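input_37.txt follows; it contains compact mmCIF, C-alpha atoms.
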```txt
# COMPACT_ATOMS: atom_id res chain seq x y z
CA MET Y 178 -2.82 6.06 39.45
CA THR Y 179 -0.19 8.68 40.27
CA MET Y 180 -0.11 11.67 37.94
CA ASN Y 181 3.14 13.42 37.08
CA ARG Y 182 3.46 16.28 39.57
CA ARG Y 183 4.11 19.01 37.01
CA LYS Y 184 1.19 17.86 34.89
CA PHE Y 185 -0.99 17.77 38.00
CA ILE Y 186 -0.08 21.34 38.89
CA SER Y 187 -0.61 22.66 35.37
CA ASN Y 188 -4.04 21.01 35.26
CA THR Y 189 -5.22 22.42 38.61
CA THR Y 190 -7.84 24.75 37.15
CA ALA Y 191 -9.10 22.14 34.72
CA THR Y 192 -9.53 19.45 37.36
CA SER Y 193 -11.05 21.64 40.10
CA ALA Y 194 -14.52 23.16 40.01
CA PHE Y 195 -14.84 26.77 41.11
CA ILE Y 196 -16.75 27.09 44.38
CA SER Y 197 -18.46 30.34 45.24
CA LEU Y 198 -17.75 31.67 48.74
CA GLY Y 199 -19.64 34.91 48.31
CA GLY Y 200 -22.10 36.43 45.83
CA LEU Y 201 -19.88 36.28 42.76
CA SER Y 202 -20.96 34.59 39.55
CA LEU Y 203 -18.59 31.75 38.69
CA ASN Y 204 -18.33 32.76 35.05
CA SER Y 205 -17.40 36.33 35.89
CA CYS Y 206 -14.79 35.06 38.33
CA ALA Y 207 -13.09 32.95 35.71
CA LEU Y 208 -12.84 35.99 33.41
CA ASN Y 209 -12.29 38.89 35.80
CA THR Y 210 -10.31 37.70 38.81
CA GLN Y 211 -7.69 40.23 39.82
CA LYS Y 212 -5.96 38.44 42.71
CA LYS Y 213 -5.15 34.83 43.54
CA ILE Y 214 -4.08 33.55 46.96
CA THR Y 215 -2.80 29.98 47.27
CA ILE Y 216 -3.01 28.06 50.55
CA LEU Y 217 -0.84 24.94 50.86
CA HIS Y 218 -1.23 22.57 53.78
CA THR Y 219 -0.20 19.32 55.45
CA ASN Y 220 -1.43 17.36 58.48
CA ASP Y 221 -0.41 14.36 60.55
CA VAL Y 222 3.04 14.11 59.01
CA HIS Y 223 4.12 12.15 62.12
CA SER Y 224 7.89 12.61 61.77
CA HIS Y 225 8.01 11.09 58.28
CA ILE Y 226 11.11 12.73 56.83
CA ASP Y 227 12.07 10.24 54.12
CA THR Y 228 10.25 9.07 51.01
CA PHE Y 229 8.57 5.69 51.47
CA SER Y 230 10.42 2.79 49.87
CA GLU Y 231 9.39 1.50 46.46
CA THR Y 232 8.23 -1.72 48.12
CA HIS Y 233 5.95 -0.05 50.67
CA SER Y 234 2.49 -1.65 50.57
CA LYS Y 235 0.48 1.59 50.71
CA PHE Y 236 2.70 4.51 49.68
CA PRO Y 237 5.50 3.27 47.38
CA ASN Y 238 7.91 6.08 46.47
CA LEU Y 239 5.59 8.69 47.98
CA GLY Y 240 6.16 11.48 50.48
CA GLY Y 241 9.40 12.83 51.88
CA VAL Y 242 10.35 16.33 52.92
CA ALA Y 243 12.74 16.85 49.99
CA LYS Y 244 10.02 16.13 47.44
CA ARG Y 245 7.55 18.31 49.33
CA ALA Y 246 10.07 21.15 49.39
CA SER Y 247 10.51 20.93 45.62
CA LEU Y 248 6.75 20.93 45.08
CA VAL Y 249 6.17 23.88 47.43
CA ASP Y 250 8.96 25.82 45.76
CA SER Y 251 7.46 25.27 42.29
CA ILE Y 252 4.02 26.44 43.47
CA ARG Y 253 5.49 29.54 45.12
CA LYS Y 254 7.27 30.40 41.86
CA GLU Y 255 3.95 30.01 40.04
CA ASN Y 256 2.20 32.22 42.62
CA PRO Y 257 4.30 34.17 45.14
CA ASN Y 258 1.07 34.95 47.06
CA THR Y 259 1.21 31.57 48.82
CA LEU Y 260 0.95 30.54 52.47
CA LEU Y 261 1.89 27.14 53.96
CA PHE Y 262 0.21 25.66 57.07
CA ASP Y 263 0.15 22.43 59.08
CA ALA Y 264 -2.81 21.05 61.07
CA GLY Y 265 -0.91 19.21 63.80
CA ASP Y 266 0.58 15.87 64.81
CA ILE Y 267 3.98 16.89 63.54
CA PHE Y 268 5.59 14.49 66.03
CA GLN Y 269 5.70 10.72 66.59
CA GLY Y 270 5.89 7.93 64.07
CA THR Y 271 9.51 7.29 63.05
CA PRO Y 272 12.89 6.90 64.79
CA TYR Y 273 13.68 10.52 63.91
CA PHE Y 274 11.33 11.59 66.68
CA ASN Y 275 12.65 8.95 69.08
CA PHE Y 276 16.23 10.17 68.59
CA TYR Y 277 15.81 13.93 68.12
CA GLY Y 278 12.55 14.70 69.95
CA GLY Y 279 11.12 16.94 67.22
CA GLU Y 280 14.20 19.07 66.52
CA LEU Y 281 14.58 17.75 62.97
CA GLU Y 282 10.89 18.14 62.15
CA PHE Y 283 10.83 21.78 63.26
CA LYS Y 284 14.11 22.60 61.51
CA LEU Y 285 12.88 21.15 58.22
CA MET Y 286 9.50 22.87 58.45
CA SER Y 287 11.36 26.12 59.08
CA MET Y 288 13.49 25.51 55.98
CA LEU Y 289 10.28 25.01 53.98
CA LYS Y 290 9.11 28.35 55.40
CA TYR Y 291 5.88 27.16 56.97
CA ASP Y 292 3.84 30.15 58.05
CA ALA Y 293 2.05 28.49 60.97
CA ALA Y 294 0.92 25.21 62.53
CA THR Y 295 -1.59 24.16 65.13
CA ILE Y 296 -0.93 21.58 67.86
CA GLY Y 297 -2.05 17.95 67.68
CA ASN Y 298 -2.40 15.45 70.49
CA HIS Y 299 0.79 13.59 69.49
CA ASP Y 300 2.78 16.80 69.77
CA PHE Y 301 2.55 16.22 73.55
CA ASP Y 302 4.13 12.75 73.33
CA ASN Y 303 7.37 13.92 74.98
CA GLY Y 304 5.36 15.94 77.46
CA ILE Y 305 4.72 19.65 77.43
CA GLU Y 306 8.35 20.13 78.50
CA GLY Y 307 9.50 18.20 75.45
CA LEU Y 308 7.39 20.37 73.16
CA VAL Y 309 8.67 23.61 74.69
CA SER Y 310 12.29 22.46 74.46
CA GLN Y 311 11.96 22.10 70.67
CA LEU Y 312 10.24 25.46 70.02
CA PRO Y 313 13.51 27.36 69.41
CA TYR Y 314 13.92 25.29 66.23
CA ALA Y 315 10.51 26.35 64.88
CA LYS Y 316 10.72 29.59 62.89
CA PHE Y 317 6.98 29.66 62.37
CA GLN Y 318 3.97 30.55 64.51
CA PHE Y 319 1.98 28.07 66.59
CA ILE Y 320 -1.71 28.93 66.54
CA SER Y 321 -3.99 27.40 69.17
CA ALA Y 322 -7.11 29.07 70.51
CA ASN Y 323 -8.84 26.42 72.63
CA TYR Y 324 -5.86 25.11 74.62
CA ASP Y 325 -5.41 27.37 77.62
CA PHE Y 326 -1.71 27.13 78.46
CA SER Y 327 -1.74 29.93 81.05
CA ASN Y 328 -0.78 27.62 83.94
CA THR Y 329 1.93 25.78 82.00
CA ILE Y 330 5.37 26.46 80.57
CA MET Y 331 3.74 26.76 77.11
CA ASP Y 332 2.19 30.05 78.23
CA GLY Y 333 3.09 32.77 75.74
CA HIS Y 334 4.36 30.37 73.06
CA THR Y 335 1.12 30.22 71.06
CA LYS Y 336 -1.34 32.73 69.65
CA PRO Y 337 -5.10 32.16 69.26
CA TYR Y 338 -4.96 33.61 65.76
CA GLU Y 339 -2.62 35.31 63.33
CA ILE Y 340 -3.34 37.77 60.53
CA TYR Y 341 -1.46 37.74 57.22
CA ILE Y 342 -1.71 40.44 54.57
CA VAL Y 343 -0.89 39.02 51.14
CA ASP Y 344 -1.21 41.21 48.03
CA GLY Y 345 -3.60 43.46 49.93
CA ILE Y 346 -5.80 40.54 51.01
CA LYS Y 347 -6.24 40.20 54.78
CA ILE Y 348 -6.18 36.56 55.92
CA GLY Y 349 -7.11 35.59 59.48
CA VAL Y 350 -6.02 32.16 60.70
CA TYR Y 351 -7.07 30.56 64.01
CA GLY Y 352 -6.43 27.11 65.47
CA VAL Y 353 -8.45 24.56 67.44
CA GLY Y 354 -7.44 21.19 68.87
CA ILE Y 355 -9.06 17.98 70.04
CA GLU Y 356 -9.84 17.22 73.68
CA LEU Y 357 -6.69 15.74 75.20
CA ASP Y 358 -8.33 13.83 78.05
CA GLY Y 359 -8.58 10.19 76.98
CA LEU Y 360 -6.01 10.63 74.20
CA VAL Y 361 -3.02 11.95 76.14
CA THR Y 362 -1.92 11.08 79.67
CA LYS Y 363 -2.48 14.09 81.91
CA LYS Y 364 1.11 14.02 83.16
CA LEU Y 365 2.14 14.89 79.60
CA TYR Y 366 -0.10 17.93 79.07
CA LYS Y 367 -0.10 18.99 82.75
CA GLU Y 368 -2.45 21.92 83.52
CA THR Y 369 -3.42 22.60 79.91
CA LEU Y 370 -7.14 23.40 79.84
CA TYR Y 371 -9.37 22.35 76.96
CA LEU Y 372 -11.92 24.99 75.94
CA ASP Y 373 -14.97 24.27 73.79
CA PRO Y 374 -13.69 24.53 70.19
CA LEU Y 375 -17.05 25.55 68.71
CA GLU Y 376 -17.55 28.43 71.12
CA ILE Y 377 -13.95 29.56 70.62
CA ALA Y 378 -14.25 29.29 66.82
CA GLN Y 379 -17.46 31.32 66.76
CA ASP Y 380 -15.95 34.04 68.97
CA ILE Y 381 -12.70 34.32 67.03
CA GLU Y 382 -14.18 34.19 63.53
CA GLN Y 383 -16.55 37.01 64.49
CA LYS Y 384 -13.62 39.08 65.75
CA LEU Y 385 -11.61 38.37 62.63
CA LYS Y 386 -14.50 39.31 60.36
CA GLU Y 387 -16.12 42.24 62.14
CA ASP Y 388 -13.25 43.80 64.10
CA GLU Y 389 -10.20 42.87 62.01
CA LYS Y 390 -12.06 43.06 58.65
CA CYS Y 391 -10.42 39.90 57.28
CA ASP Y 392 -11.16 38.94 53.68
CA ILE Y 393 -10.47 35.21 54.25
CA ILE Y 394 -10.80 33.30 57.53
CA ILE Y 395 -9.05 29.94 57.88
CA CYS Y 396 -9.27 27.43 60.72
CA LEU Y 397 -6.36 25.06 61.41
CA SER Y 398 -8.16 22.17 63.07
CA HIS Y 399 -6.93 19.04 64.80
CA LEU Y 400 -10.46 17.92 65.69
CA GLY Y 401 -10.95 15.22 63.04
CA TYR Y 402 -12.97 15.18 59.83
CA GLU Y 403 -16.20 13.40 60.85
CA TYR Y 404 -17.59 11.32 63.72
CA GLN Y 405 -20.93 9.49 63.88
CA SER Y 406 -21.33 10.60 67.50
CA HIS Y 407 -22.03 14.11 68.83
CA LYS Y 408 -18.28 14.68 69.16
CA ILE Y 409 -17.26 17.93 67.48
CA ASP Y 410 -15.55 17.49 64.12
CA ASP Y 411 -14.66 19.63 61.12
CA LEU Y 412 -17.97 19.08 59.32
CA LYS Y 413 -19.98 20.01 62.40
CA LEU Y 414 -17.77 23.04 62.98
CA ALA Y 415 -18.27 24.18 59.40
CA LYS Y 416 -22.05 23.95 59.69
CA GLN Y 417 -22.16 25.99 62.89
CA THR Y 418 -19.79 28.81 62.00
CA LYS Y 419 -20.65 31.93 60.00
CA PHE Y 420 -17.49 33.53 58.68
CA THR Y 421 -14.89 30.78 58.31
CA ASN Y 422 -14.07 30.12 54.64
CA LEU Y 423 -11.72 27.14 54.95
CA ILE Y 424 -11.11 24.46 57.58
CA ILE Y 425 -7.77 22.68 57.20
CA GLY Y 426 -8.16 19.48 59.17
CA GLY Y 427 -6.15 16.73 60.79
CA HIS Y 428 -6.23 13.87 63.31
CA THR Y 429 -8.41 11.34 61.45
CA HIS Y 430 -5.93 10.77 58.58
CA THR Y 431 -8.73 11.37 56.07
CA PHE Y 432 -7.63 11.35 52.43
CA LEU Y 433 -9.68 13.80 50.38
CA ASP Y 434 -9.02 14.32 46.67
CA LYS Y 435 -10.67 17.71 46.87
CA PRO Y 436 -12.29 19.79 49.63
CA THR Y 437 -15.72 18.95 50.97
CA VAL Y 438 -18.19 21.83 50.57
CA VAL Y 439 -20.44 22.50 53.57
CA LYS Y 440 -23.16 25.13 54.06
CA ASN Y 441 -22.53 27.21 57.16
CA ASN Y 442 -24.94 29.07 59.45
CA ASN Y 443 -25.17 31.86 56.87
CA HIS Y 444 -26.00 29.33 54.12
CA THR Y 445 -22.75 30.09 52.33
CA ASN Y 446 -20.07 27.60 51.35
CA VAL Y 447 -17.21 26.51 53.60
CA LEU Y 448 -14.37 24.33 52.32
CA VAL Y 449 -13.19 21.47 54.56
CA ASN Y 450 -9.99 19.75 53.50
CA GLN Y 451 -7.58 17.12 54.85
CA VAL Y 452 -4.76 15.33 53.06
CA GLY Y 453 -4.42 12.03 54.89
CA CYS Y 454 -1.16 11.49 56.74
CA PHE Y 455 2.61 10.96 56.64
CA GLY Y 456 3.28 13.76 54.14
CA VAL Y 457 2.29 11.76 51.07
CA ASN Y 458 -0.07 14.51 49.87
CA LEU Y 459 -0.02 18.30 49.84
CA GLY Y 460 -3.27 20.24 49.98
CA LYS Y 461 -3.66 23.18 47.61
CA ILE Y 462 -6.51 25.69 47.79
CA ASN Y 463 -6.74 28.72 45.49
CA PHE Y 464 -8.82 31.76 46.43
CA TYR Y 465 -9.71 34.15 43.60
CA PHE Y 466 -10.85 37.74 44.16
CA ASP Y 467 -12.47 40.24 41.82
CA SER Y 468 -12.18 44.01 42.21
CA GLU Y 469 -14.94 43.96 44.87
CA LYS Y 470 -13.16 41.22 46.86
CA ASN Y 471 -15.85 38.67 46.08
CA ILE Y 472 -14.36 35.19 46.46
CA VAL Y 473 -14.45 31.88 44.67
CA ALA Y 474 -12.10 28.98 45.32
CA ASP Y 475 -10.89 25.66 44.02
CA GLY Y 476 -8.77 22.96 45.59
CA ILE Y 477 -7.04 19.61 45.09
CA SER Y 478 -4.79 17.16 46.87
CA ILE Y 479 -1.41 16.74 45.13
CA THR Y 480 0.54 13.51 45.48
CA VAL Y 481 4.08 14.21 46.73
```

Please rewrite the model in this file as structure tokens.
Amino acid sequence: MTMNRRKFISNTTATSAFISLGGLSLNSCALNTQKKITILHTNDVHSHIDTFSETHSKFPNLGGVAKRASLVDSIRKENPNTLLFDAGDIFQGTPYFNFYGGELEFKLMSMLKYDAATIGNHDFDNGIEGLVSQLPYAKFQFISANYDFSNTIMDGHTKPYEIYIVDGIKIGVYGVGIELDGLVTKKLYKETLYLDPLEIAQDIEQKLKEDEKCDIIICLSHLGYEYQSHKIDDLKLAKQTKFTNLIIGGHTHTFLDKPTVVKNNNHTNVLVNQVGCFGVNLGKINFYFDSEKNIVADGISITV
């Protein structure tokens, strides 16, 4: 059942349980929060620009960049302290990509004022040259820590992490991607080297926490939500990190109504969220801070 979008937004607090991410009592948070940061996110949009038709078997009348833009704008008006991220696989899936090679996707994301995105395996579908050729249309940062592009033409076009200061809150964001070998033909990604995402995540989150003194640490992940094998995924990453507060996932097209809560290596809560695919949902996570910068959070998936 699809809920009216405005009603859904107004009911966010009522429909989402507060989740403690630090030593703050939940009751005191609800009464005494001084700052609120909203994180919006998408993943695996796969070049879906238009709203699905009313006769579509799975997503009738859902999705579309215009509807997403309206929704993002309304949330930003509600809380100007909002960031917007994407977890990869921006490309491939409709004729828009076949005709324009990603130009339209990047232009529209720039119009929506995305703050950053990580890189998915399908973003190499026109080769690394094709990806680089479209970068001038992207007015947002690409964040990727475990793809070593130093021997490719992508060198210098990504950052391992970015730091945002919003209403005095310092937010560190890093990105990790899935192993390309076996998913992408080597001639497409050329000399890109895949580095172990867990080791990279542990190194960067420690730097963001201890050196950069970040209040929130977010991972943009294109690893996948969960695998039954030993293959690294978002849930495994969450369990083996110490300082990451939120993992925004992609790749497996996993539809979550609300974030999964995982205990990390410090036995504190990490949120793991993913909003399916094709732009039919928008993820929304709220972080609340008291005067001591203790954190609680809530989150939902909003139908677009």

Counting only C-alpha atoms, what are the residues of region 223-291 of chain Y within 12 Å of region 449-461 of chain Y, and for each of them which pair of atoms is the nearest and at what distance in Å, to one decimal? Sort the table by chain and rising number, as a tab-separated table.
```
residue	atom	partner	partner_atom	distance
Y:His223	CA	Y:Phe455	CA	5.8
Y:Ser224	CA	Y:Phe455	CA	7.5
Y:His225	CA	Y:Phe455	CA	5.6
Y:Ile226	CA	Y:Gly456	CA	8.3
Y:Asp227	CA	Y:Gly456	CA	9.5
Y:Thr228	CA	Y:Val457	CA	8.4
Y:Phe229	CA	Y:Val457	CA	8.7
Y:Lys235	CA	Y:Val457	CA	10.3
Y:Phe236	CA	Y:Val457	CA	7.4
Y:Pro237	CA	Y:Val457	CA	9.8
Y:Asn238	CA	Y:Val457	CA	9.2
Y:Leu239	CA	Y:Val457	CA	5.5
Y:Gly240	CA	Y:Val457	CA	3.9
Y:Gly241	CA	Y:Gly456	CA	6.6
Y:Val242	CA	Y:Gly456	CA	7.6
Y:Ala243	CA	Y:Gly456	CA	10.8
Y:Lys244	CA	Y:Val457	CA	9.6
Y:Arg245	CA	Y:Leu459	CA	7.6
Y:Ala246	CA	Y:Leu459	CA	10.5
Y:Ser247	CA	Y:Leu459	CA	11.6
Y:Leu248	CA	Y:Leu459	CA	8.7
Y:Val249	CA	Y:Leu459	CA	8.7
Y:Ile252	CA	Y:Lys461	CA	9.3
Y:Arg253	CA	Y:Lys461	CA	11.4
Y:Asn256	CA	Y:Lys461	CA	11.9
Y:Thr259	CA	Y:Lys461	CA	9.8
Y:Leu260	CA	Y:Lys461	CA	10.0
Y:Leu261	CA	Y:Lys461	CA	9.3
Y:Phe262	CA	Y:Gly460	CA	9.6
Y:Asp263	CA	Y:Gly460	CA	10.0
Y:Ala264	CA	Y:Gln451	CA	8.8
Y:Gly265	CA	Y:Cys454	CA	10.5
Y:Asp266	CA	Y:Cys454	CA	9.3
Y:Ile267	CA	Y:Phe455	CA	9.2
Y:Phe268	CA	Y:Phe455	CA	10.5
Y:Gln269	CA	Y:Phe455	CA	10.4
Y:Gly270	CA	Y:Phe455	CA	8.7
Y:Thr271	CA	Y:Phe455	CA	10.1
Y:Glu282	CA	Y:Gly456	CA	11.9
Y:Met286	CA	Y:Gly456	CA	11.8
```

File of the preceding selection, C-alpha atoms, as an mmCIF file, in the coordinates of the input:
```cif
data_model
loop_
_atom_site.group_PDB
_atom_site.id
_atom_site.type_symbol
_atom_site.label_atom_id
_atom_site.label_comp_id
_atom_site.auth_asym_id
_atom_site.auth_seq_id
_atom_site.Cartn_x
_atom_site.Cartn_y
_atom_site.Cartn_z
ATOM 1 C CA HIS Y 223 4.120 12.150 62.120
ATOM 2 C CA SER Y 224 7.890 12.610 61.770
ATOM 3 C CA HIS Y 225 8.010 11.090 58.280
ATOM 4 C CA ILE Y 226 11.110 12.730 56.830
ATOM 5 C CA ASP Y 227 12.070 10.240 54.120
ATOM 6 C CA THR Y 228 10.250 9.070 51.010
ATOM 7 C CA PHE Y 229 8.570 5.690 51.470
ATOM 8 C CA LYS Y 235 0.480 1.590 50.710
ATOM 9 C CA PHE Y 236 2.700 4.510 49.680
ATOM 10 C CA PRO Y 237 5.500 3.270 47.380
ATOM 11 C CA ASN Y 238 7.910 6.080 46.470
ATOM 12 C CA LEU Y 239 5.590 8.690 47.980
ATOM 13 C CA GLY Y 240 6.160 11.480 50.480
ATOM 14 C CA GLY Y 241 9.400 12.830 51.880
ATOM 15 C CA VAL Y 242 10.350 16.330 52.920
ATOM 16 C CA ALA Y 243 12.740 16.850 49.990
ATOM 17 C CA LYS Y 244 10.020 16.130 47.440
ATOM 18 C CA ARG Y 245 7.550 18.310 49.330
ATOM 19 C CA ALA Y 246 10.070 21.150 49.390
ATOM 20 C CA SER Y 247 10.510 20.930 45.620
ATOM 21 C CA LEU Y 248 6.750 20.930 45.080
ATOM 22 C CA VAL Y 249 6.170 23.880 47.430
ATOM 23 C CA ILE Y 252 4.020 26.440 43.470
ATOM 24 C CA ARG Y 253 5.490 29.540 45.120
ATOM 25 C CA ASN Y 256 2.200 32.220 42.620
ATOM 26 C CA THR Y 259 1.210 31.570 48.820
ATOM 27 C CA LEU Y 260 0.950 30.540 52.470
ATOM 28 C CA LEU Y 261 1.890 27.140 53.960
ATOM 29 C CA PHE Y 262 0.210 25.660 57.070
ATOM 30 C CA ASP Y 263 0.150 22.430 59.080
ATOM 31 C CA ALA Y 264 -2.810 21.050 61.070
ATOM 32 C CA GLY Y 265 -0.910 19.210 63.800
ATOM 33 C CA ASP Y 266 0.580 15.870 64.810
ATOM 34 C CA ILE Y 267 3.980 16.890 63.540
ATOM 35 C CA PHE Y 268 5.590 14.490 66.030
ATOM 36 C CA GLN Y 269 5.700 10.720 66.590
ATOM 37 C CA GLY Y 270 5.890 7.930 64.070
ATOM 38 C CA THR Y 271 9.510 7.290 63.050
ATOM 39 C CA GLU Y 282 10.890 18.140 62.150
ATOM 40 C CA MET Y 286 9.500 22.870 58.450
#
```

Practice item. Would you kindly identify which residues have an atom no farther than 12 Å from (-15.1, 24.1, 53.4), using all atoms listed in the file and the file's own coordinates, and write them out as a PyMOL selection string? Key: chain Y and resi 196-198+394-397+402+411-426+435-441+445-451+462+473-476

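Going from CA of Ile342 (chain Y) to CA of Ala294 (chain Y) covers 17.4 Å.
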
Practice item. Using CA of His334 (chain Y) and CA of Asp388 (chain Y) as the two end points, give the distance in Å to one decimal. Key: 23.9 Å

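Distance annotation: of Y:Lys384, Y:Lys470, Y:Lys367, Y:His299, the residue with the minimal separation from Pro337 (chain Y) is Y:Lys384; atom set is only C-alpha atoms.
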
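Across Y:Phe432, Y:Tyr371, Y:Phe466, Y:Tyr338, the tightest approach to Asn220 (chain Y) is made by Y:Phe432 when counting all atoms listed in the file.
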
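Considering the residues Y:Asn328, Y:Gln311, Y:Gln405, Y:Asn258 and counting only C-alpha atoms, Lys284 (chain Y) has its shortest atom-to-atom contact with Y:Gln311.
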
Generate all heavy atoms for region 385-393 of chain Y and emit them as a compact mmCIF listing (two decimals), in the coordinates of the input.
```txt
# COMPACT_ATOMS: atom_id res chain seq x y z
N LEU Y 385 -12.41 38.24 63.84
CA LEU Y 385 -11.61 38.37 62.63
C LEU Y 385 -12.40 39.04 61.50
O LEU Y 385 -11.84 39.82 60.72
CB LEU Y 385 -11.10 37.00 62.17
CG LEU Y 385 -10.04 36.35 63.06
CD1 LEU Y 385 -9.75 34.93 62.61
CD2 LEU Y 385 -8.76 37.18 63.07
N LYS Y 386 -13.67 38.74 61.42
CA LYS Y 386 -14.50 39.31 60.36
C LYS Y 386 -14.92 40.74 60.67
O LYS Y 386 -14.75 41.65 59.83
CB LYS Y 386 -15.74 38.43 60.15
CG LYS Y 386 -16.61 38.86 58.95
CD LYS Y 386 -15.87 38.62 57.66
CE LYS Y 386 -16.76 38.91 56.45
NZ LYS Y 386 -16.04 38.66 55.18
N GLU Y 387 -15.48 40.95 61.84
CA GLU Y 387 -16.12 42.24 62.14
C GLU Y 387 -15.14 43.27 62.69
O GLU Y 387 -15.25 44.46 62.36
CB GLU Y 387 -17.28 42.02 63.10
CG GLU Y 387 -18.38 41.15 62.50
CD GLU Y 387 -19.55 40.93 63.43
OE1 GLU Y 387 -19.46 41.35 64.62
OE2 GLU Y 387 -20.56 40.34 62.99
N ASP Y 388 -14.20 42.85 63.52
CA ASP Y 388 -13.25 43.80 64.10
C ASP Y 388 -12.00 43.96 63.23
O ASP Y 388 -11.54 45.07 62.98
CB ASP Y 388 -12.84 43.37 65.51
CG ASP Y 388 -14.01 43.34 66.47
OD1 ASP Y 388 -15.05 43.96 66.16
OD2 ASP Y 388 -13.89 42.67 67.52
N GLU Y 389 -11.44 42.83 62.78
CA GLU Y 389 -10.20 42.87 62.01
C GLU Y 389 -10.44 43.03 60.50
O GLU Y 389 -9.48 43.27 59.76
CB GLU Y 389 -9.38 41.60 62.26
CG GLU Y 389 -9.01 41.37 63.72
CD GLU Y 389 -7.95 42.34 64.23
OE1 GLU Y 389 -7.41 43.11 63.42
OE2 GLU Y 389 -7.68 42.33 65.45
N LYS Y 390 -11.69 42.86 60.07
CA LYS Y 390 -12.06 43.06 58.65
C LYS Y 390 -11.28 42.13 57.71
O LYS Y 390 -10.81 42.53 56.65
CB LYS Y 390 -11.85 44.52 58.22
CG LYS Y 390 -12.50 45.55 59.14
CD LYS Y 390 -14.00 45.39 59.21
CE LYS Y 390 -14.64 46.47 60.09
NZ LYS Y 390 -16.09 46.26 60.30
N CYS Y 391 -11.14 40.86 58.11
CA CYS Y 391 -10.42 39.90 57.28
C CYS Y 391 -11.23 39.53 56.04
O CYS Y 391 -12.45 39.40 56.09
CB CYS Y 391 -10.09 38.64 58.08
SG CYS Y 391 -8.82 38.91 59.34
N ASP Y 392 -10.52 39.34 54.93
CA ASP Y 392 -11.16 38.94 53.68
C ASP Y 392 -11.33 37.43 53.59
O ASP Y 392 -12.26 36.94 52.95
CB ASP Y 392 -10.32 39.43 52.49
CG ASP Y 392 -10.14 40.93 52.49
OD1 ASP Y 392 -11.17 41.64 52.46
OD2 ASP Y 392 -8.99 41.40 52.54
N ILE Y 393 -10.40 36.67 54.18
CA ILE Y 393 -10.47 35.21 54.25
C ILE Y 393 -10.24 34.81 55.71
O ILE Y 393 -9.36 35.37 56.36
CB ILE Y 393 -9.39 34.52 53.39
CG1 ILE Y 393 -9.46 34.95 51.93
CG2 ILE Y 393 -9.53 32.99 53.48
CD1 ILE Y 393 -8.31 34.40 51.10
```
